[in-house]
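Working notes for the structure below.
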Amino acid sequence: MATEATGEAEAAVGMPQLDFSSWPNQIFWLLVTLVVIYLVLSRIALPRIGAVLADRKSTITNDLAAADELKQKAVEAEKAYNDALASARTEAAKIVAAAKAEIQKDLDAATAKADAEISAKAAESEKTIAAIRDGAAAAVAEVARDTAAELVAALGGSVDAKTVTAAVSARLKG
């Protein structure tokens with residue numbers, strides 16, 4: 001038997017896959033393996049992969065929809081913010097205008113009161129100045145009469161009060 005095994009080994013030279021006598025068996029197992037792979041892929045693996053892809057797609061779609069919704073809310077919030085800001089600026093402008101009007105009203109009242117006080121004090125001052133002027137004119141006239149009388153007396157003339165008064169009055173009038 002050993003001789004027969006050695007003879008067969010010498011007859012089968014090369015790769016066993018290329019031996020034509022084993023090809024039908026190899027083709028059978030190739031077909032069985034391909035059918036099993038096809039069944040495993042089509043029944044188990046590909047549905048799982050498809051489910052994962054569908055989940056990812058739905059998650060991405062939902063995330064994009066949520067992002068669009070949040071973007072719309074952000075745009076609305078920005079518009080509301082801008083409207084509120086414009087409203088606040090308008091209200092602030094109204095408050096400033098009202099405050100300016102109130103201040104102007106108070107300023108006008110204070111100015112009118114100050115003008116009245118100044119006018120009253122000016123009239124009083126004018127009366128005082130007129131009295132001082134009249135008193136000064138009388139004092140100047142009296143000093144001028146006394147001085148004229150003393151000068152006439154010093155120069156050796158006779159002093160007549162009526163003449164001195166008339167001369168001083170004429171000179172003071174111009």
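Within each chain, counting starts at residue 1; across the structure tokens, chains are named A, B, ... in the order shown, with ligands numbered 1 upward in that order.
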
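Using only C-alpha atoms, the residues found no farther than 9 Å from A:Ser158, other than those of its own chain fewer than 5 positions away, are Ala149, Val152 and Ala153 of chain A.
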
Suppose we keep all heavy atoms; can you now write the selection as a short mmCIF file (atom, residue, chain, number, x, y, z; two decimals), in the first residue's frame?
data_model
loop_
_atom_site.label_atom_id
_atom_site.label_comp_id
_atom_site.auth_asym_id
_atom_site.auth_seq_id
_atom_site.Cartn_x
_atom_site.Cartn_y
_atom_site.Cartn_z
N ALA A 149 -18.71 182.85 46.90
CA ALA A 149 -18.80 183.91 47.91
C ALA A 149 -17.44 184.10 48.57
O ALA A 149 -17.00 185.24 48.80
CB ALA A 149 -19.87 183.57 48.94
N VAL A 152 -15.06 185.86 46.06
CA VAL A 152 -15.39 187.29 45.90
C VAL A 152 -14.91 188.04 47.13
O VAL A 152 -14.33 189.13 47.05
CB VAL A 152 -16.89 187.49 45.65
CG1 VAL A 152 -17.28 188.96 45.72
CG2 VAL A 152 -17.27 186.91 44.29
N ALA A 153 -15.12 187.46 48.31
CA ALA A 153 -14.70 188.11 49.54
C ALA A 153 -13.19 188.17 49.61
O ALA A 153 -12.61 189.16 50.08
CB ALA A 153 -15.27 187.38 50.75
#

For A:Gln26: contacts at 10 Å, only C-alpha atoms, fewer than 6 positions along chain excluded, given as a tab-separated table (two decimals) with all heavy atoms, in the first residue's frame:
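Final output, saved to out-v5.tsv:
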chain	number	residue	atom	x	y	z
A	17	GLN	N	-6.36	22.43	-6.34
A	17	GLN	CA	-7.51	23.16	-6.88
A	17	GLN	C	-7.56	23.04	-8.40
A	17	GLN	O	-8.63	23.21	-8.99
A	17	GLN	CB	-7.44	24.66	-6.50
A	17	GLN	CG	-7.55	24.94	-5.04
A	17	GLN	CD	-6.17	24.98	-4.38
A	17	GLN	OE1	-5.18	24.49	-4.93
A	17	GLN	NE2	-6.13	25.50	-3.17
A	20	PHE	N	-8.64	18.52	-12.26
A	20	PHE	CA	-9.96	18.48	-12.88
A	20	PHE	C	-10.88	17.46	-12.26
A	20	PHE	O	-12.10	17.61	-12.35
A	20	PHE	CB	-9.83	18.21	-14.38
A	20	PHE	CG	-9.24	19.38	-15.13
A	20	PHE	CD1	-7.99	19.29	-15.70
A	20	PHE	CD2	-9.95	20.55	-15.27
A	20	PHE	CE1	-7.45	20.36	-16.39
A	20	PHE	CE2	-9.41	21.61	-15.96
A	20	PHE	CZ	-8.15	21.54	-16.53
A	32	VAL	N	-22.61	26.60	-2.77
A	32	VAL	CA	-23.20	26.57	-1.41
A	32	VAL	C	-22.71	27.78	-0.62
A	32	VAL	O	-23.49	28.46	0.07
A	32	VAL	CB	-22.85	25.23	-0.70
A	32	VAL	CG1	-23.18	25.29	0.77
A	32	VAL	CG2	-23.58	24.08	-1.37

query = Of the candidates A:Ala66, A:Ala54, A:Ala45, A:Ala161, which shows the shortest atom-to-atom distance to A:Thr147, using only C-alpha atoms?
reply =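 Of all the options, A:Ala161 lies closest to A:Thr147.
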
Atom-to-atom span, atom CA of A:Val164 and atom CA of A:Ala148, Å = 6.7 Å
